[in-house]
Each structure stands twice: as C-alpha cells, then as structure tokens.
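Peer 1: The file below is model-v9.txt, compact mmCIF, C-alpha atoms and all ligand atoms:
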# COMPACT_ATOMS: atom_id res chain seq x y z
CA MET A 602 16.24 74.24 44.32
CA THR A 603 14.46 76.03 47.19
CA ALA A 604 13.50 73.44 49.78
CA VAL A 605 9.82 72.59 50.05
CA ASN A 606 8.74 73.79 53.46
CA ARG A 607 5.90 75.11 55.62
CA ASP A 608 7.33 78.50 56.55
CA TRP A 609 4.77 80.49 54.60
CA SER A 610 1.72 78.71 56.01
CA THR A 611 3.16 78.72 59.56
CA PHE A 612 4.44 82.28 59.89
CA ILE A 613 3.18 84.48 57.05
CA GLN A 614 -0.37 83.52 56.05
CA GLY A 615 -2.13 80.51 57.54
CA ILE A 616 -4.29 78.17 55.51
CA GLY A 617 -7.51 79.71 56.85
CA THR A 618 -6.41 83.27 56.13
CA LEU A 619 -5.32 82.56 52.60
CA HIS A 620 -8.11 80.23 51.57
CA SER A 621 -11.01 82.26 52.93
CA SER A 622 -9.75 85.61 51.63
CA ARG A 623 -8.94 84.25 48.17
CA THR A 624 -12.15 82.25 47.89
CA LEU A 625 -14.05 85.51 48.42
CA ARG A 626 -11.81 87.46 46.06
CA PHE A 627 -12.08 84.86 43.28
CA SER A 628 -15.76 84.16 43.74
CA ASP A 629 -18.09 83.75 40.75
CA GLU A 630 -19.50 87.21 41.40
CA PHE A 631 -16.32 88.61 39.81
CA ARG A 632 -15.94 85.90 37.15
CA GLU A 633 -16.62 88.07 34.09
CA ARG A 634 -14.15 90.70 35.23
CA TYR A 635 -11.35 88.19 35.65
CA MET A 636 -12.18 86.36 32.41
CA ASP A 637 -12.22 89.65 30.46
CA ALA A 638 -8.75 90.44 31.79
CA PHE A 639 -7.39 86.90 31.22
CA ARG A 640 -8.56 86.47 27.58
CA ILE A 641 -7.75 82.76 27.45
CA PRO A 642 -9.81 80.00 25.82
CA ASP A 643 -11.35 77.05 27.60
CA GLY A 644 -9.69 73.68 27.08
CA CYS A 645 -6.14 74.91 27.63
CA ARG A 646 -3.38 73.49 29.83
CA ILE A 647 -3.00 75.90 32.75
CA LEU A 648 -0.17 76.00 35.30
CA GLU A 649 -0.79 78.07 38.43
CA VAL A 650 2.56 78.97 39.99
CA GLY A 651 2.53 79.54 43.78
CA CYS A 652 -1.07 78.34 44.06
CA GLY A 653 -1.23 78.44 47.88
CA THR A 654 -4.37 76.68 49.10
CA GLY A 655 -5.79 76.38 45.58
CA ALA A 656 -8.56 79.01 45.76
CA LEU A 657 -7.77 80.54 42.35
CA ALA A 658 -7.25 77.09 40.81
CA ALA A 659 -10.70 76.06 42.11
CA SER A 660 -12.26 79.12 40.46
CA LEU A 661 -10.39 78.44 37.20
CA ARG A 662 -11.79 74.89 37.40
CA ARG A 663 -15.35 76.33 37.37
CA TRP A 664 -14.67 79.09 34.85
CA TYR A 665 -12.81 76.90 32.33
CA PRO A 666 -14.47 73.48 32.72
CA ALA A 667 -12.52 71.87 29.86
CA ALA A 668 -9.08 73.10 31.00
CA GLN A 669 -6.37 70.84 32.42
CA ILE A 670 -5.19 72.65 35.53
CA THR A 671 -2.01 72.11 37.53
CA GLY A 672 -1.23 74.06 40.71
CA LEU A 673 2.28 74.22 42.15
CA ASP A 674 3.55 75.61 45.46
CA ARG A 675 6.60 75.03 47.61
CA ASP A 676 4.65 75.01 50.87
CA SER A 677 3.65 71.42 51.55
CA ALA A 678 0.81 72.36 53.97
CA PHE A 679 -0.87 74.44 51.26
CA VAL A 680 -0.45 71.69 48.69
CA SER A 681 -1.96 68.98 50.88
CA PHE A 682 -4.90 71.26 51.78
CA ALA A 683 -5.46 72.08 48.09
CA ARG A 684 -5.43 68.38 47.15
CA LYS A 685 -8.21 67.70 49.66
CA HIS A 686 -10.37 70.74 48.95
CA CYS A 687 -10.07 71.53 45.23
CA PRO A 688 -11.10 68.51 43.18
CA GLY A 689 -10.30 68.28 39.49
CA VAL A 690 -6.93 70.03 39.77
CA ARG A 691 -3.51 68.37 39.95
CA PHE A 692 -1.47 69.91 42.81
CA LEU A 693 2.29 69.49 43.09
CA GLU A 694 5.00 70.64 45.46
CA GLY A 695 7.72 72.50 43.61
CA ASP A 696 9.76 75.62 43.13
CA ALA A 697 8.64 78.46 40.85
CA ALA A 698 12.31 79.22 40.22
CA ALA A 699 13.01 75.74 38.81
CA LEU A 700 9.85 74.30 37.26
CA ASP A 701 9.98 70.57 36.82
CA PHE A 702 8.16 70.50 33.46
CA PRO A 703 9.42 70.12 29.89
CA ASP A 704 9.66 73.13 27.57
CA GLY A 705 6.38 74.17 25.94
CA SER A 706 4.14 72.02 28.14
CA PHE A 707 1.48 74.64 29.03
CA ASP A 708 -0.79 77.04 27.14
CA VAL A 709 -1.22 79.39 30.11
CA THR A 710 0.73 80.17 33.27
CA VAL A 711 -0.93 82.19 36.00
CA SER A 712 0.09 83.40 39.44
CA ASN A 713 -1.47 85.61 42.10
CA THR A 714 0.75 87.62 44.47
CA VAL A 715 3.77 85.39 43.90
CA ALA A 716 5.99 87.36 41.48
CA GLU A 717 7.06 89.73 44.26
CA HIS A 718 8.57 86.85 46.24
CA VAL A 719 10.63 85.06 43.55
CA ASP A 720 13.68 86.27 41.61
CA PRO A 721 12.12 87.56 38.35
CA ALA A 722 15.05 86.25 36.33
CA ARG A 723 13.92 82.76 37.34
CA PHE A 724 10.18 83.38 37.77
CA PHE A 725 9.51 84.77 34.30
CA ALA A 726 12.21 82.80 32.48
CA GLU A 727 10.82 79.53 33.80
CA GLN A 728 7.24 80.40 32.82
CA TYR A 729 8.45 81.48 29.39
CA ARG A 730 10.25 78.16 28.98
CA VAL A 731 7.29 75.94 29.97
CA LEU A 732 4.82 77.89 27.78
CA ARG A 733 4.24 76.83 24.20
CA LEU A 734 4.80 79.40 21.45
CA GLY A 735 1.75 81.71 21.58
CA GLY A 736 1.04 80.72 25.19
CA VAL A 737 -0.10 83.32 27.74
CA CYS A 738 1.55 84.37 31.00
CA LEU A 739 -0.87 85.98 33.49
CA THR A 740 0.70 87.63 36.51
CA LEU A 741 -1.67 89.00 39.16
CA SER A 742 -0.09 91.39 41.60
CA ALA A 743 -1.73 93.06 44.60
CA ARG A 744 -1.46 96.83 44.57
CA ARG A 745 -2.25 99.05 47.52
CA GLY A 746 -5.77 98.26 48.77
CA ILE A 747 -8.06 99.45 51.55
CA HIS A 748 -8.57 97.60 54.82
CA ALA A 749 -11.04 99.34 57.10
CA PRO A 750 -12.09 96.95 59.87
CA ALA A 751 -15.20 97.37 62.01
CA PRO A 752 -14.39 99.34 65.19
CA CYS A 753 -15.47 96.40 67.38
CA VAL A 754 -12.73 94.09 65.95
CA ASN A 755 -10.03 96.73 65.82
CA GLY A 756 -8.98 97.13 69.43
CA GLN A 757 -6.35 95.46 71.58
CA THR A 758 -6.35 95.12 75.37
CA ASP A 759 -3.26 95.91 77.46
CA PHE A 760 -2.97 92.17 78.08
CA GLU A 761 -2.75 91.42 74.34
CA ARG A 762 -0.36 94.31 73.71
CA GLU A 763 1.96 93.03 76.42
CA ILE A 764 2.04 89.54 74.87
CA TRP A 765 2.73 90.84 71.36
CA ASP A 766 5.54 93.02 72.78
CA ARG A 767 6.93 89.99 74.61
CA VAL A 768 7.16 87.87 71.44
CA SER A 769 7.94 90.52 68.83
CA ALA A 770 11.65 89.69 68.58
CA ARG A 771 10.74 86.17 67.45
CA PHE A 772 9.15 87.61 64.31
CA ASP A 773 12.23 89.65 63.41
CA GLY A 774 13.59 88.51 60.08
CA ILE A 775 10.85 85.97 59.28
CA GLU A 776 9.67 87.83 56.18
CA GLU A 777 13.26 88.13 54.95
CA ARG A 778 13.84 84.43 55.63
CA VAL A 779 10.94 83.35 53.42
CA GLY A 780 11.75 86.05 50.86
CA MET A 781 8.44 87.87 51.26
CA GLY A 782 8.23 90.89 48.97
CA ARG A 783 11.94 90.69 48.13
CA TYR A 784 11.35 91.32 44.42
CA ALA A 785 8.34 93.67 44.52
CA MET A 786 8.01 95.94 41.47
CA ASP A 787 5.88 98.95 40.64
CA GLU A 788 3.28 99.32 37.89
CA ARG A 789 5.88 100.42 35.32
CA GLU A 790 8.54 97.85 36.17
CA TYR A 791 6.35 94.75 35.83
CA PRO A 792 5.37 95.15 32.16
CA ARG A 793 8.96 96.06 31.28
CA CYS A 794 10.13 92.97 33.11
CA LEU A 795 7.79 90.73 31.10
CA GLU A 796 9.05 92.30 27.87
CA ALA A 797 12.65 91.84 28.98
CA HIS A 798 11.91 88.14 29.40
CA GLY A 799 10.67 87.81 25.82
CA PHE A 800 6.91 88.23 26.24
CA ARG A 801 5.07 90.08 23.47
CA ASN A 802 1.80 92.07 23.37
CA VAL A 803 2.17 92.81 27.07
CA SER A 804 -0.88 94.51 28.60
CA THR A 805 -2.04 95.55 32.05
CA ALA A 806 -5.50 95.67 33.60
CA TYR A 807 -6.60 96.63 37.12
CA LEU A 808 -9.44 95.04 39.05
CA ALA A 809 -10.83 96.59 42.24
CA ILE A 810 -12.60 93.91 44.27
CA ALA A 811 -14.54 95.18 47.29
CA LEU A 812 -15.69 92.97 50.16
CA THR A 813 -18.23 94.98 52.18
CA PRO A 814 -20.54 92.87 54.38
CA ASP A 815 -23.02 95.72 54.90
CA GLY A 816 -23.31 96.49 51.18
CA PRO A 817 -26.82 96.24 49.72
CA ASP A 818 -25.85 93.58 47.15
CA CYS A 819 -24.09 91.32 49.63
CA SER A 820 -26.01 88.18 50.55
CA ARG A 821 -26.23 87.10 54.18
CA SER A 822 -24.06 84.02 53.60
CA ARG A 823 -21.42 86.05 51.81
CA ALA A 824 -21.44 88.77 54.49
CA ARG A 825 -20.95 86.14 57.18
CA ALA A 826 -18.13 84.56 55.13
CA MET A 827 -16.40 87.96 54.93
CA ILE A 828 -16.59 88.42 58.68
CA GLU A 829 -15.43 84.84 59.28
CA ALA A 830 -12.48 85.38 56.91
CA GLU A 831 -11.34 88.27 59.11
CA ARG A 832 -11.78 86.09 62.19
CA LEU A 833 -9.63 83.34 60.64
CA SER A 834 -6.94 85.85 59.87
CA ALA A 835 -6.90 87.02 63.52
CA LEU A 836 -6.80 83.42 64.79
CA ASP A 837 -4.07 82.45 62.30
CA ALA A 838 -1.96 85.31 63.67
CA LEU A 839 -2.25 83.66 67.08
CA SER A 840 -1.27 80.28 65.64
CA ALA A 841 1.81 81.96 64.13
CA LEU A 842 2.54 83.47 67.53
CA GLU A 843 2.33 80.01 69.11
CA ALA A 844 4.60 78.50 66.43
CA ALA A 845 7.21 81.24 66.74
CA ALA A 846 7.12 81.85 70.49
CA GLY A 847 5.09 79.10 72.16
CA ASP A 848 7.76 78.84 74.87
CA LEU A 849 7.24 82.51 75.85
CA VAL A 850 3.47 82.34 76.24
CA SER A 851 1.45 80.03 78.50
CA GLY A 852 -1.43 77.90 77.28
CA ASP A 853 -3.80 79.97 79.43
CA GLU A 854 -2.56 83.20 77.88
CA LEU A 855 -3.02 81.85 74.38
CA ALA A 856 -6.49 80.60 75.20
CA ARG A 857 -7.40 84.03 76.58
CA MET A 858 -6.09 85.74 73.44
CA ARG A 859 -8.13 83.40 71.25
CA ALA A 860 -11.23 84.04 73.36
CA LEU A 861 -10.75 87.80 73.05
CA ALA A 862 -10.38 87.55 69.27
CA ASN A 863 -13.41 85.30 68.98
CA GLY A 864 -15.43 87.63 71.19
CA ARG A 865 -14.77 90.56 68.88
CA PHE A 866 -15.87 88.67 65.77
CA ASP A 867 -18.90 87.25 67.58
CA GLU A 868 -19.83 90.85 68.36
CA ARG A 869 -19.31 91.85 64.71
CA LEU A 870 -21.62 89.02 63.61
CA ALA A 871 -24.21 90.03 66.20
CA LEU A 872 -24.16 93.63 64.92
CA TYR A 873 -24.60 92.34 61.39
CA GLU A 874 -27.55 90.17 62.39
CA ALA A 875 -29.08 93.12 64.26
CA GLY A 876 -28.79 95.26 61.12
CA GLU A 877 -26.42 97.73 62.77
CA LYS A 878 -24.21 98.62 59.84
CA GLN A 879 -20.49 99.04 60.45
CA TRP A 880 -19.44 99.63 56.82
CA ASP A 881 -16.16 97.81 57.35
CA THR A 882 -14.58 97.00 54.01
CA SER A 883 -11.65 95.28 52.39
CA VAL A 884 -10.80 96.40 48.88
CA SER A 885 -8.07 94.71 46.88
CA LEU A 886 -6.65 96.33 43.78
CA THR A 887 -5.16 93.64 41.58
CA MET A 888 -2.92 94.33 38.61
CA VAL A 889 -3.34 91.71 35.89
CA LEU A 890 -0.33 91.53 33.60
CA ARG A 891 -0.76 89.57 30.41
CA GLY A 892 2.02 88.62 28.04
CA GLU A 893 2.30 86.20 25.13
CA LYS A 894 5.25 83.98 24.21
C1 LIG B 1 0.99 85.52 48.98
S1 LIG B 1 0.94 83.78 48.82
C2 LIG B 1 -0.22 83.60 47.46
C3 LIG B 1 -0.77 82.23 47.33
C4 LIG B 1 -1.84 82.09 46.26
N1 LIG B 1 -1.35 82.45 44.97
C5 LIG B 1 -3.04 82.90 46.63
O1 LIG B 1 -3.27 83.96 46.06
O2 LIG B 1 -3.77 82.48 47.54
C6 LIG B 1 2.49 83.44 48.04
C7 LIG B 1 2.64 81.99 47.70
O3 LIG B 1 3.82 81.80 46.94
C8 LIG B 1 4.43 80.62 47.37
N2 LIG B 1 5.84 80.69 46.99
C9 LIG B 1 6.75 81.62 47.37
N3 LIG B 1 7.93 81.36 46.78
C10 LIG B 1 7.76 80.25 46.02
C11 LIG B 1 8.61 79.49 45.17
N4 LIG B 1 9.90 79.80 44.98
N5 LIG B 1 8.08 78.42 44.56
C12 LIG B 1 6.78 78.06 44.72
N6 LIG B 1 5.95 78.74 45.52
C13 LIG B 1 6.42 79.82 46.15
C14 LIG B 1 4.18 80.58 48.87
O4 LIG B 1 4.34 79.30 49.42
C15 LIG B 1 2.75 81.08 48.92
O5 LIG B 1 1.84 80.04 48.79
Would it be possible to restate this file's structure as structure tokens?
Ligand SMILES: C[S@@+](CC[C@H](N)C(=O)[O-])C[C@H]1O[C@@H](n2cnc3c(N)ncnc32)[C@H](O)[C@@H]1O

Peer 2:
Amino acid sequence: MTAVNRDWSTFIQGIGTLHSSRTLRFSDEFRERYMDAFRIPDGCRILEVGCGTGALAASLRRWYPAAQITGLDRDSAFVSFARKHCPGVRFLEGDAAALDFPDGSFDVTVSNTVAEHVDPARFFAEQYRVLRLGGVCLTLSARRGIHAPAPCVNGQTDFEREIWDRVSARFDGIEERVGMGRYAMDEREYPRCLEAHGFRNVSTAYLAIALTPDGPDCSRSRARAMIEAERLSALDALSALEAAAGDLVSGDELARMRALANGRFDERLALYEAGEKQWDTSVSLTMVLRGEK
C-alpha cells in the first residue's frame, strides 16, 4: 500500500489552494449542472476517492442530504482538515489503489482530478469492486482551462526571480515522486478505460465553470473569495518553497516575498472595490465520466 503522507499538501497544492479553489468550483451556483451530469439519487452510499480537503464532499453533503458520504485520501493533512471543516462526512486516510472496504459496499464512487495520478488498473478496478451491482462510478477530470490573472498580480520582481532560481533544483522530481499526472489520459482514452474495467453505459459530459470576479452576476462576497483564493495559492507556493528549500532562503527573504505577494492581492482587492474592472478569469473545463457496474 502507498504510504499515507503529506507530500501533496506540502509540495503540490496546499490546503488553502485546494480548499478555496474547489469550494468556489463546487459552489451551489453550479449545483444543477453537476447534479444533471451525476444522475444519482439521494440516499445513496457515496465514496469520494482522493477527496483532498473535502470541498466536493461538503457540496455533496448539501446536494444529497440523505446520502451517507465517505471521503478518502492518502494525505493526512488534507484528511485532518476535512474532518474539522466538513461536518456530516466520514473522512478516512487510505489508498485509492487498495481500498479498505468490502466488495459492493457503495452505491456511488466519485473522484475529482485523481484518476490521472493513480494506476488505472488499480483505480478503476478497486472502485468497480467496492460498488454494488448497478452502482455508479463518477470520474471528474480537469481538461485544459483558462487562467488569465489580473495584470497587477502577475508580475515578479528581480528579487523574487533570483530566489526562485536559487531554489528551483529542490523542486526537481517532486511531481514524479508523488506521481502527479503519471496516468493522465485524453478524452477518448478515459471512457475506453472505464469500459475495459467492466463499466457499462459509459457516458461523458463537460462542464465549463468560470470564476470571473468582475462579472455582472458575481456577488461582492464571491468576487472577494475568488481573489482571496488566488492569494492563498500564491502564499501556498511560498510555503512549499520554505518546506523544500528553507535552508537556502532567509526568514527575512521569505517575509519579503510574502509581503510582495500580499501587496499584489491587496491591490487587486482595492481595484475591485474601486470598480476598476480587470476581467481576470479562471475557467475550468471538467470532464465528467459516468459508468455503471
Ligand atoms: C489534485 S488533488 C484533488 C483533491 C480533491 N479531489 C479536490 O478536487 O480538491 C489529488 C488528490 O489525490 C490524492 N491522491 C493521490 N494519489 C492517491 C492515492 N493513491 N490514494 C488516495 N489519494 C490519493 C492526493 O493526496 C490529493 O488529495
């Protein structure tokens, strides 16, 4: 079994990055679109594989109030965060490649941006095994999206560039070590892969979810949350830098980098409050694969 660890949350995507971006992406505003693609009844036993910080599980909790929901991830930092912040869901540490559940114990399995990181021979075979006959496997996979940041958050000073150059070797091989994207598949390979693992009535749907703070339908609180999500992502990158190369960077340098990042997002918020539109946007295109056992 793959050891439970904190590599993902430390080096790849921090808790703040993952939770804020996914909470926005799985917000109730998009509920009907997800539920139309999922086509699952309320009251079912749902297993979310690779649940991260629990943002999708928390949305499933609201959308399917009678469901029994279990979230599983191998990163212990994500699991302990999810336990504290997503009530009404059981969260467990575990390996998607070796699920510790009896055969046929769930009606639905679901995952978001996990399939590309786990050997499909294990990932899909294990979900097939733990699903009951007639159960549904939902695999959400991020396709190419759009990330167009506001100009004021997009720059880098010579000072920051020099630090990133100084530490870059420490990040060599991290993605390979945690297996990030090792098993990525294209839009034709995924449905075939589900069929090869025994799933029937396989279908695909695509959801484009746009987060645009300056959009006319975006509330002030949601716009601010979008900008803060980008800030968290920038600050998490600095926490990863500290974890990977804290010995190469002084405390003063790190503090200055954090202040520069914060300054940019403070400026973005100020522009928003002043009504000076930047039209920055983040659009995710999610493929929803659905197969039945
Ligand atoms: C891109 S993140 C997505 C997390 C979450 N599904 C979300 O959308 O916020 C990938 C997740 O898969 C988890 N993961 C990767 N390999 C795993 C494995 N073999 N077993 C369980 N979790 C795994 C990572 O710890 C991480 O939380």

Peer 1: Applying 12 Å and only C-alpha atoms, which residues near Leu836 (chain A) remain after dropping the ones on its own chain fewer than 3 positions away? List them as a PyMOL selection string.

Peer 2: chain A and resi 614-618+829-833+839-843+855-866

Peer 1: Please produce a file of the residues just selected, as a short mmCIF file (atom, residue, chain, number, x, y, z; two decimals), in the frame of the given file, where the atoms kept are C-alpha atoms.

Peer 2:
data_model
loop_
_atom_site.label_atom_id
_atom_site.label_comp_id
_atom_site.auth_asym_id
_atom_site.auth_seq_id
_atom_site.Cartn_x
_atom_site.Cartn_y
_atom_site.Cartn_z
CA GLN A 614 -0.37 83.52 56.05
CA GLY A 615 -2.13 80.51 57.54
CA ILE A 616 -4.29 78.17 55.51
CA GLY A 617 -7.51 79.71 56.85
CA THR A 618 -6.41 83.27 56.13
CA GLU A 829 -15.43 84.84 59.28
CA ALA A 830 -12.48 85.38 56.91
CA GLU A 831 -11.34 88.27 59.11
CA ARG A 832 -11.78 86.09 62.19
CA LEU A 833 -9.63 83.34 60.64
CA LEU A 839 -2.25 83.66 67.08
CA SER A 840 -1.27 80.28 65.64
CA ALA A 841 1.81 81.96 64.13
CA LEU A 842 2.54 83.47 67.53
CA GLU A 843 2.33 80.01 69.11
CA LEU A 855 -3.02 81.85 74.38
CA ALA A 856 -6.49 80.60 75.20
CA ARG A 857 -7.40 84.03 76.58
CA MET A 858 -6.09 85.74 73.44
CA ARG A 859 -8.13 83.40 71.25
CA ALA A 860 -11.23 84.04 73.36
CA LEU A 861 -10.75 87.80 73.05
CA ALA A 862 -10.38 87.55 69.27
CA ASN A 863 -13.41 85.30 68.98
CA GLY A 864 -15.43 87.63 71.19
CA ARG A 865 -14.77 90.56 68.88
CA PHE A 866 -15.87 88.67 65.77
#

Peer 1: Residues of region 721-838 of chain A within 9 Å of region 630-652 of chain A: nearest atom pair and distance (Å, one decimal) for each, counting all atoms listed in the file, sorted by chain and number, as a Markdown table?

Peer 2:
| residue | atom | partner | partner_atom | distance |
| --- | --- | --- | --- | --- |
| A:Gln728 | CA | A:Val650 | CA | 8.7 |
| A:Val737 | CA | A:Ile641 | CA | 7.7 |
| A:Leu739 | CA | A:Phe639 | CA | 7.0 |
| A:Thr805 | CA | A:Ala638 | CA | 8.4 |
| A:Ala806 | CA | A:Ala638 | CA | 6.4 |
| A:Tyr807 | CA | A:Ala638 | CA | 8.4 |
| A:Leu808 | CA | A:Arg634 | CA | 7.5 |
| A:Ile810 | CA | A:Phe631 | CA | 7.9 |

Peer 1: Rank A:Asp881, A:Asp773, A:Asp704, A:Glu796 by their smallest atom-to-atom distance to Met827 (chain A), using all atoms listed in the file, and report the top residue only.

Peer 2: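 Looking only at the distances to Met827 (chain A), the closest residue turns out to be A:Asp881.
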
Peer 1: Please report the interatomic distance between atom O1 of ligand LIG 1 (chain B) and CA of Leu619 (chain A) in Å with one decimal.

Peer 2: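 These atoms are spaced 7.0 Å apart.
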
Peer 1: Identify, on the basis of only C-alpha atoms, every residue whose closest approach to Arg675 (chain A) does not exceed 12 Å; exclude the query and any residue fewer than 4 positions from it along the same chain; express the result as a PyMOL selection string.

Peer 2: chain A and resi 602-610+650-654+679-681+692-700+715+719+779

Peer 1: Separation of CA of Leu657 (chain A) and CA of Asn713 (chain A), in Å?

Peer 2: 8.1 Å

Peer 1: Report, as lines of an AutoDock Vina configuration file, the axis-aligned box around all atoms of ligand LIG 1 (chain B) present in the file, extended by 6 Å on each side; give centre and edge lengths in Å to one decimal place.

Peer 2:
center_x = 3.1
center_y = 81.8
center_z = 47.0
size_x = 25.7
size_y = 19.5
size_z = 16.9

Peer 1: When you draw a straight line from atom C8 of ligand LIG 1 (chain B) to CA of Asp676 (chain A), how long is it in Å?

Peer 2: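 Separation between atom C8 of ligand LIG 1 (chain B) and CA of Asp676 (chain A): 6.6 Å.
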
Peer 1: I'd like the contact shell of region 823-825 of chain A - 12 Å cut-off, all atoms listed in the file, skipping same-chain residues fewer than 3 positions apart - returned as a count of residues only.

Peer 2: 38

Peer 1: Identify, on the basis of all atoms listed in the file, every residue whose closest approach to Arg730 (chain A) does not exceed 9 Å; exclude the query and any residue fewer than 4 positions from it along the same chain; express the result as number ranges by chain.

Peer 2: A: 703-706, 725-726

Peer 1: Quick one: residues within 9 Å of Ala846 (chain A), all atoms listed in the file, excluding same-chain residues fewer than 2 positions away - as a list in words?

Peer 2: Val768, Ser769, Arg771, Phe772, Ala841, Leu842, Glu843, Ala844, Asp848, Leu849 and Val850 of chain A

Peer 1: In terms of the shortest atom-to-atom distance over only C-alpha atoms and all ligand atoms, which of A:Ser677, A:Thr714, A:Thr740, A:Asn755 is closest to ligand LIG 1 (chain B)?

Peer 2: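 For ligand LIG 1 (chain B), the nearest of the given residues is A:Thr714.
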
Peer 1: Kindly indicate which residue among A:Thr611, A:Ser712, A:Ser834, A:Gln669 lies nearest to ligand LIG 1 (chain B), using only C-alpha atoms and all ligand atoms for the distances.

Peer 2: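 Using only C-alpha atoms and all ligand atoms, ligand LIG 1 (chain B) sits closest to A:Ser712.
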
Peer 1: Up to 7 Å from (-10.2, 73.8, 39.7) in the file's coordinates: name the residues, counting only C-alpha atoms, as a PDB file with C-alpha atoms, in the coordinates of the input.

Peer 2:
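Listed below is the output, point04.pdb:
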ATOM      1  CA  ALA A 658      -7.250  77.090  40.810  1.00  0.00           C
ATOM      2  CA  ALA A 659     -10.700  76.060  42.110  1.00  0.00           C
ATOM      3  CA  SER A 660     -12.260  79.120  40.460  1.00  0.00           C
ATOM      4  CA  LEU A 661     -10.390  78.440  37.200  1.00  0.00           C
ATOM      5  CA  ARG A 662     -11.790  74.890  37.400  1.00  0.00           C
ATOM      6  CA  ARG A 663     -15.350  76.330  37.370  1.00  0.00           C
ATOM      7  CA  ILE A 670      -5.190  72.650  35.530  1.00  0.00           C
ATOM      8  CA  CYS A 687     -10.070  71.530  45.230  1.00  0.00           C
ATOM      9  CA  PRO A 688     -11.100  68.510  43.180  1.00  0.00           C
ATOM     10  CA  GLY A 689     -10.300  68.280  39.490  1.00  0.00           C
ATOM     11  CA  VAL A 690      -6.930  70.030  39.770  1.00  0.00           C
TER      12      VAL A 690
END

Peer 1: Taking all atoms listed in the file into account, name the residue in A:Ser822, A:Ser851, A:Thr887, A:Thr758 that is nearest to ligand LIG 1 (chain B).

Peer 2: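 Checking each candidate against ligand LIG 1 (chain B), we get A:Thr887 as the closest.
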
Peer 1: Measuring atom to atom with all atoms listed in the file, identify which of A:Pro666, A:Gly847, A:Gly672, A:Pro752 is nearest to ligand LIG 1 (chain B).

Peer 2: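 So, comparing all the options, the nearest one is A:Gly672.
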
Peer 1: Ranking A:Ala743, A:Ala668, A:Ala722, A:Ala826 by minimum distance to Gly782 (chain A) and counting only C-alpha atoms, which one comes first?

Peer 2: A:Ala743
